[in-house]
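Visitor: PDB, C-alpha atoms and all ligand atoms, file data.pdb:
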ATOM      1  CA  MET A  18      81.623  98.355 107.308  1.00  0.00           C
ATOM      2  CA  LEU A  19      83.803 100.611 109.514  1.00  0.00           C
ATOM      3  CA  ARG A  20      80.979 101.008 111.958  1.00  0.00           C
ATOM      4  CA  GLU A  21      80.569  97.240 112.217  1.00  0.00           C
ATOM      5  CA  LYS A  22      84.251  96.517 112.428  1.00  0.00           C
ATOM      6  CA  TYR A  23      85.421  99.335 114.709  1.00  0.00           C
ATOM      7  CA  PRO A  24      82.396 100.474 116.761  1.00  0.00           C
ATOM      8  CA  GLN A  25      84.381 101.240 119.907  1.00  0.00           C
ATOM      9  CA  GLU A  26      87.155 103.089 118.115  1.00  0.00           C
ATOM     10  CA  ILE A  27      84.611 105.185 116.244  1.00  0.00           C
ATOM     11  CA  GLU A  28      82.746 105.988 119.454  1.00  0.00           C
ATOM     12  CA  ARG A  29      86.031 106.924 121.126  1.00  0.00           C
ATOM     13  CA  ILE A  30      86.893 109.283 118.250  1.00  0.00           C
ATOM     14  CA  LEU A  31      83.449 110.881 118.177  1.00  0.00           C
ATOM     15  CA  ALA A  32      83.452 111.342 121.954  1.00  0.00           C
ATOM     16  CA  ILE A  33      86.491 113.619 121.686  1.00  0.00           C
ATOM     17  CA  TYR A  34      84.434 116.318 119.931  1.00  0.00           C
ATOM     18  CA  PRO A  35      81.408 118.258 121.190  1.00  0.00           C
ATOM     19  CA  PRO A  36      78.174 117.069 119.518  1.00  0.00           C
ATOM     20  CA  ASP A  37      77.879 120.296 117.528  1.00  0.00           C
ATOM     21  CA  GLN A  38      81.430 119.905 116.204  1.00  0.00           C
ATOM     22  CA  ARG A  39      81.325 116.299 115.100  1.00  0.00           C
ATOM     23  CA  ARG A  40      82.646 117.276 111.693  1.00  0.00           C
ATOM     24  CA  SER A  41      86.034 117.797 113.289  1.00  0.00           C
ATOM     25  CA  ALA A  42      86.278 114.019 113.652  1.00  0.00           C
ATOM     26  CA  VAL A  43      86.718 113.673 109.915  1.00  0.00           C
ATOM     27  CA  MET A  44      90.505 113.450 110.037  1.00  0.00           C
ATOM     28  CA  PRO A  45      90.851 110.628 112.594  1.00  0.00           C
ATOM     29  CA  LEU A  46      87.947 108.775 110.968  1.00  0.00           C
ATOM     30  CA  LEU A  47      89.674 108.986 107.597  1.00  0.00           C
ATOM     31  CA  TYR A  48      92.868 107.768 109.213  1.00  0.00           C
ATOM     32  CA  LEU A  49      90.945 104.789 110.557  1.00  0.00           C
ATOM     33  CA  ALA A  50      89.429 104.111 107.140  1.00  0.00           C
ATOM     34  CA  GLN A  51      92.802 104.287 105.446  1.00  0.00           C
ATOM     35  CA  ARG A  52      94.413 102.015 108.009  1.00  0.00           C
ATOM     36  CA  GLU A  53      91.762  99.435 107.144  1.00  0.00           C
ATOM     37  CA  SER A  54      92.332  99.336 103.376  1.00  0.00           C
ATOM     38  CA  GLY A  55      95.586 101.169 102.691  1.00  0.00           C
ATOM     39  CA  TYR A  56      93.523 103.874 101.007  1.00  0.00           C
ATOM     40  CA  VAL A  57      90.145 105.497 101.543  1.00  0.00           C
ATOM     41  CA  THR A  58      87.557 103.692  99.477  1.00  0.00           C
ATOM     42  CA  ARG A  59      84.521 105.480  98.094  1.00  0.00           C
ATOM     43  CA  GLN A  60      82.366 103.418 100.415  1.00  0.00           C
ATOM     44  CA  ALA A  61      84.474 104.514 103.403  1.00  0.00           C
ATOM     45  CA  MET A  62      84.135 108.176 102.364  1.00  0.00           C
ATOM     46  CA  GLU A  63      80.364 107.775 102.308  1.00  0.00           C
ATOM     47  CA  GLU A  64      80.390 106.057 105.665  1.00  0.00           C
ATOM     48  CA  VAL A  65      82.593 108.716 107.281  1.00  0.00           C
ATOM     49  CA  ALA A  66      80.392 111.427 105.789  1.00  0.00           C
ATOM     50  CA  GLY A  67      77.293 109.760 107.238  1.00  0.00           C
ATOM     51  CA  LEU A  68      78.855 109.475 110.680  1.00  0.00           C
ATOM     52  CA  ILE A  69      79.502 113.197 111.005  1.00  0.00           C
ATOM     53  CA  GLY A  70      76.904 114.845 108.807  1.00  0.00           C
ATOM     54  CA  LEU A  71      79.046 115.848 105.832  1.00  0.00           C
ATOM     55  CA  GLU A  72      78.432 115.261 102.145  1.00  0.00           C
ATOM     56  CA  PRO A  73      80.566 112.493 100.621  1.00  0.00           C
ATOM     57  CA  THR A  74      81.963 115.047  98.168  1.00  0.00           C
ATOM     58  CA  GLN A  75      83.211 117.159 101.087  1.00  0.00           C
ATOM     59  CA  VAL A  76      84.988 114.150 102.533  1.00  0.00           C
ATOM     60  CA  GLY A  77      86.332 113.311  99.078  1.00  0.00           C
ATOM     61  CA  SER A  78      87.772 116.783  98.661  1.00  0.00           C
ATOM     62  CA  LEU A  79      89.633 116.435 101.970  1.00  0.00           C
ATOM     63  CA  VAL A  80      91.083 113.115 100.842  1.00  0.00           C
ATOM     64  CA  GLY A  81      92.159 114.765  97.608  1.00  0.00           C
ATOM     65  CA  PHE A  82      93.715 117.737  99.376  1.00  0.00           C
ATOM     66  CA  TYR A  83      95.886 115.973 101.939  1.00  0.00           C
ATOM     67  CA  THR A  84      98.810 113.955 100.616  1.00  0.00           C
ATOM     68  CA  LEU A  85      98.624 111.642 103.609  1.00  0.00           C
ATOM     69  CA  TYR A  86      95.272 110.306 102.410  1.00  0.00           C
ATOM     70  CA  HIS A  87      94.842 108.262  99.262  1.00  0.00           C
ATOM     71  CA  ASP A  88      91.780 107.531  97.170  1.00  0.00           C
ATOM     72  CA  GLU A  89      93.443 104.767  95.169  1.00  0.00           C
ATOM     73  CA  PRO A  90      95.331 101.650  96.143  1.00  0.00           C
ATOM     74  CA  GLY A  91      99.108 101.965  96.126  1.00  0.00           C
ATOM     75  CA  GLY A  92     102.192 100.035  97.077  1.00  0.00           C
ATOM     76  CA  THR A  93     102.987  98.697 100.516  1.00  0.00           C
ATOM     77  CA  TYR A  94     105.391 101.617 100.774  1.00  0.00           C
ATOM     78  CA  ARG A  95     104.573 105.079  99.480  1.00  0.00           C
ATOM     79  CA  ILE A  96     107.547 107.290  98.781  1.00  0.00           C
ATOM     80  CA  GLN A  97     106.398 110.894  98.510  1.00  0.00           C
ATOM     81  CA  VAL A  98     109.089 113.143  97.108  1.00  0.00           C
ATOM     82  CA  CYS A  99     108.759 116.884  97.522  1.00  0.00           C
ATOM     83  CA  THR A 100     109.210 118.433  94.084  1.00  0.00           C
ATOM     84  CA  ASP A 101     108.089 121.923  95.070  1.00  0.00           C
ATOM     85  CA  LEU A 102     110.233 124.762  93.715  1.00  0.00           C
ATOM     86  CA  PRO A 103     112.824 125.066  96.515  1.00  0.00           C
ATOM     87  CA  CYS A 104     113.414 121.325  96.411  1.00  0.00           C
ATOM     88  CA  ALA A 105     113.372 121.273  92.610  1.00  0.00           C
ATOM     89  CA  LEU A 106     116.218 123.805  92.714  1.00  0.00           C
ATOM     90  CA  ARG A 107     118.136 121.287  94.782  1.00  0.00           C
ATOM     91  CA  GLY A 108     117.546 118.526  92.239  1.00  0.00           C
ATOM     92  CA  ALA A 109     114.409 116.915  93.614  1.00  0.00           C
ATOM     93  CA  GLU A 110     112.674 116.486  90.252  1.00  0.00           C
ATOM     94  CA  ALA A 111     115.698 114.802  88.716  1.00  0.00           C
ATOM     95  CA  PHE A 112     115.987 112.657  91.841  1.00  0.00           C
ATOM     96  CA  ALA A 113     112.352 111.540  91.585  1.00  0.00           C
ATOM     97  CA  GLU A 114     112.642 110.791  87.872  1.00  0.00           C
ATOM     98  CA  ASP A 115     115.884 108.851  88.292  1.00  0.00           C
ATOM     99  CA  LEU A 116     114.458 106.910  91.195  1.00  0.00           C
ATOM    100  CA  CYS A 117     111.380 105.997  89.173  1.00  0.00           C
ATOM    101  CA  ARG A 118     113.507 105.019  86.172  1.00  0.00           C
ATOM    102  CA  ASN A 119     115.513 102.674  88.382  1.00  0.00           C
ATOM    103  CA  LEU A 120     112.290 101.129  89.681  1.00  0.00           C
ATOM    104  CA  GLY A 121     110.821 100.736  86.188  1.00  0.00           C
ATOM    105  CA  ILE A 122     107.880 103.044  86.835  1.00  0.00           C
ATOM    106  CA  ARG A 123     106.798 106.590  86.192  1.00  0.00           C
ATOM    107  CA  LEU A 124     105.995 109.121  88.874  1.00  0.00           C
ATOM    108  CA  GLY A 125     102.681 108.218  90.484  1.00  0.00           C
ATOM    109  CA  GLU A 126     102.955 104.542  89.613  1.00  0.00           C
ATOM    110  CA  THR A 127     103.518 101.408  91.658  1.00  0.00           C
ATOM    111  CA  THR A 128     106.224  98.834  91.034  1.00  0.00           C
ATOM    112  CA  ALA A 129     105.161  95.555  89.423  1.00  0.00           C
ATOM    113  CA  ASP A 130     105.623  93.661  92.703  1.00  0.00           C
ATOM    114  CA  GLY A 131     103.199  96.049  94.429  1.00  0.00           C
ATOM    115  CA  SER A 132     105.776  97.107  96.988  1.00  0.00           C
ATOM    116  CA  VAL A 133     106.556 100.745  96.163  1.00  0.00           C
ATOM    117  CA  THR A 134     104.612 103.744  94.902  1.00  0.00           C
ATOM    118  CA  VAL A 135     106.512 106.950  94.149  1.00  0.00           C
ATOM    119  CA  GLU A 136     104.577 110.212  94.198  1.00  0.00           C
ATOM    120  CA  ALA A 137     105.384 113.902  93.945  1.00  0.00           C
ATOM    121  CA  VAL A 138     104.061 116.120  96.743  1.00  0.00           C
ATOM    122  CA  MET A 139     104.262 119.728  97.842  1.00  0.00           C
ATOM    123  CA  CYS A 140     106.443 121.183 100.595  1.00  0.00           C
ATOM    124  CA  LEU A 141     107.314 118.829 103.452  1.00  0.00           C
ATOM    125  CA  ALA A 142     109.003 121.556 105.513  1.00  0.00           C
ATOM    126  CA  GLY A 143     112.533 120.353 104.894  1.00  0.00           C
ATOM    127  CA  CYS A 144     113.403 122.594 101.962  1.00  0.00           C
ATOM    128  CA  ASP A 145     117.092 122.911 102.839  1.00  0.00           C
ATOM    129  CA  ARG A 146     117.500 119.132 103.061  1.00  0.00           C
ATOM    130  CA  ALA A 147     116.287 118.123  99.605  1.00  0.00           C
ATOM    131  CA  PRO A 148     116.061 115.782  97.943  1.00  0.00           C
ATOM    132  CA  LEU A 149     113.804 114.397 100.613  1.00  0.00           C
ATOM    133  CA  PHE A 150     110.723 112.260 100.867  1.00  0.00           C
ATOM    134  CA  GLN A 151     108.251 111.014 103.388  1.00  0.00           C
ATOM    135  CA  LEU A 152     107.816 107.288 103.475  1.00  0.00           C
ATOM    136  CA  GLN A 153     104.367 106.030 104.407  1.00  0.00           C
ATOM    137  CA  THR A 154     104.219 102.541 105.807  1.00  0.00           C
ATOM    138  CA  ALA A 155     101.556 100.603 107.664  1.00  0.00           C
ATOM    139  CA  ASP A 156     102.956 101.849 110.948  1.00  0.00           C
ATOM    140  CA  GLY A 157     103.451 105.494 110.214  1.00  0.00           C
ATOM    141  CA  ILE A 158     105.427 108.155 108.398  1.00  0.00           C
ATOM    142  CA  HIS A 159     109.172 108.443 108.294  1.00  0.00           C
ATOM    143  CA  TYR A 160     111.247 111.227 106.762  1.00  0.00           C
ATOM    144  CA  HIS A 161     114.366 110.681 104.703  1.00  0.00           C
ATOM    145  CA  GLU A 162     116.394 113.772 103.910  1.00  0.00           C
ATOM    146  CA  ASN A 163     119.463 114.614 101.821  1.00  0.00           C
ATOM    147  CA  GLN A 164     118.781 111.613  99.658  1.00  0.00           C
ATOM    148  CA  THR A 165     120.541 110.246  96.631  1.00  0.00           C
ATOM    149  CA  VAL A 166     119.032 107.752  94.223  1.00  0.00           C
ATOM    150  CA  GLN A 167     121.491 105.213  95.603  1.00  0.00           C
ATOM    151  CA  SER A 168     120.466 105.774  99.229  1.00  0.00           C
ATOM    152  CA  ALA A 169     116.788 105.573  98.304  1.00  0.00           C
ATOM    153  CA  LEU A 170     117.316 102.340  96.368  1.00  0.00           C
ATOM    154  CA  GLU A 171     119.188 100.852  99.313  1.00  0.00           C
ATOM    155  CA  LEU A 172     116.298 101.775 101.592  1.00  0.00           C
ATOM    156  CA  ILE A 173     113.812 100.185  99.193  1.00  0.00           C
ATOM    157  CA  GLU A 174     115.908  97.045  98.982  1.00  0.00           C
ATOM    158  CA  HIS A 175     115.980  96.896 102.772  1.00  0.00           C
ATOM    159  CA  LEU A 176     112.198  97.363 102.978  1.00  0.00           C
ATOM    160  CA  ARG A 177     111.525  94.701 100.368  1.00  0.00           C
ATOM    161  CA  ARG A 178     113.875  92.252 102.054  1.00  0.00           C
ATOM    162  CA  ASP A 179     113.185  92.899 105.732  1.00  0.00           C
ATOM    163  CA  GLY A 180     109.909  94.847 105.809  1.00  0.00           C
ATOM    164  CA  GLY A 181     109.444  97.225 108.687  1.00  0.00           C
ATOM    165  CA  ARG A 182     109.379 100.929 109.188  1.00  0.00           C
ATOM    166  CA  GLY A 183     112.099 102.262 106.952  1.00  0.00           C
TER     167      GLY A 183
HETATM  168  S1  LIG A 201     109.772 122.872  99.089  1.00  0.00           S
HETATM  169 FE1  LIG A 201     110.336 120.794  99.408  1.00  0.00          FE
HETATM  170  S2  LIG A 201     110.337 120.562 101.553  1.00  0.00           S
HETATM  171 FE2  LIG A 201     109.793 122.634 101.241  1.00  0.00          FE
END
Represent the structure from my file as structure tokens, please.
Ligand code: FES
Guide:
Amino acid sequence: MLREKYPQEIERILAIYPPDQRRSAVMPLLYLAQRESGYVTRQAMEEVAGLIGLEPTQVGSLVGFYTLYHDEPGGTYRIQVCTDLPCALRGAEAFAEDLCRNLGIRLGETTADGSVTVEAVMCLAGCDRAPLFQLQTADGIHYHENQTVQSALELIEHLRRDGGRG
């Protein structure tokens, strides 16, 4: 399906890498696949694997490893809170739990209106500015640092009302 829908983009990506290093194209191809569906479907993993000579399980393990890729559908907005130890010491776990409670979900779940998924992730390289999260939207990733539950809820309200980048 990707090959039929985005032949030129795929060719452009593959052309960046020498023929004997096609595997290196896995990341941009996964990005393309995720942009298409909001997550990387099993079918897309198989297709990407076929394009560059990897096993689907190898592609699947990359999707599982990187927090920027998803193997399940989620909300329009993904809020990924770092709950790694340094951030936990600055209250990140409590922040994530309180935020989820206010949204009526548990960590890892999506709100009933399908707009917001809240997930816990590992270090986002802003340890001294916790609680912080990266917000994934259709047009990219945006970082929000030194957050409170109130500021995060205001951001979510803004996103739900006006859409956009966050
Ligand atoms: S441990 Fe949370 S950003 Fe580094």
Visitor: Provide an axis-aligned box for all listed atoms of ligand LIG 201 (chain A), padding each side by 4 Å; report its centre and its edge lengths in Å to one decimal, as JSON.
Guide:
{"center_x": 110.1, "center_y": 121.7, "center_z": 100.3, "size_x": 8.6, "size_y": 10.3, "size_z": 10.5}
Visitor: Quick one: which residues end up in the PyMOL selection byres (((chain A and resi 111) around 12) and not hetatm) for this structure, as a PyMOL selection string?
Guide: chain A and resi 98-100+104-110+112-118+124+137+147-148+164-166
Visitor: For C-alpha atoms, I'd like the residues from the last selection saved as a compact mmCIF listing (two decimals), keeping the file's coordinate frame.
Guide:
# COMPACT_ATOMS: atom_id res chain seq x y z
CA VAL A 98 109.09 113.14 97.11
CA CYS A 99 108.76 116.88 97.52
CA THR A 100 109.21 118.43 94.08
CA CYS A 104 113.41 121.32 96.41
CA ALA A 105 113.37 121.27 92.61
CA LEU A 106 116.22 123.80 92.71
CA ARG A 107 118.14 121.29 94.78
CA GLY A 108 117.55 118.53 92.24
CA ALA A 109 114.41 116.92 93.61
CA GLU A 110 112.67 116.49 90.25
CA PHE A 112 115.99 112.66 91.84
CA ALA A 113 112.35 111.54 91.58
CA GLU A 114 112.64 110.79 87.87
CA ASP A 115 115.88 108.85 88.29
CA LEU A 116 114.46 106.91 91.20
CA CYS A 117 111.38 106.00 89.17
CA ARG A 118 113.51 105.02 86.17
CA LEU A 124 106.00 109.12 88.87
CA ALA A 137 105.38 113.90 93.94
CA ALA A 147 116.29 118.12 99.60
CA PRO A 148 116.06 115.78 97.94
CA GLN A 164 118.78 111.61 99.66
CA THR A 165 120.54 110.25 96.63
CA VAL A 166 119.03 107.75 94.22
Visitor: I'd like to know which of A:Leu47, A:His159, A:Arg177, A:Val133 is closest to Gly91 (chain A), using all atoms listed in the file.
Guide: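 Answer, going by the shortest atom-to-atom distance: A:Val133.
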Visitor: Given the file above and the PyMOL selection byres (((not hetatm)) within 6 of (chain A and resi 201)), which residues are selected, and can you give them as a VMD selection string?
Guide: chain A and resid 99 to 104 140 to 144
Visitor: I need the output of the PyMOL selection byres (((chain A and resi 27-40) around 10) and not hetatm) for this file as JSON, numbers by chain; which residues are they?
Guide: {"A": [19, 20, 21, 22, 23, 24, 25, 26, 41, 42, 43, 44, 45, 46, 49, 65, 66, 68, 69, 70, 71, 76]}
Visitor: In Å, rounded to a single decimal, give me how far CA of Tyr56 (chain A) is from CA of Ser132 (chain A).
Guide: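 So the two atoms, CA of Ser132 (chain A) and CA of Tyr56 (chain A), lie 14.6 Å apart.
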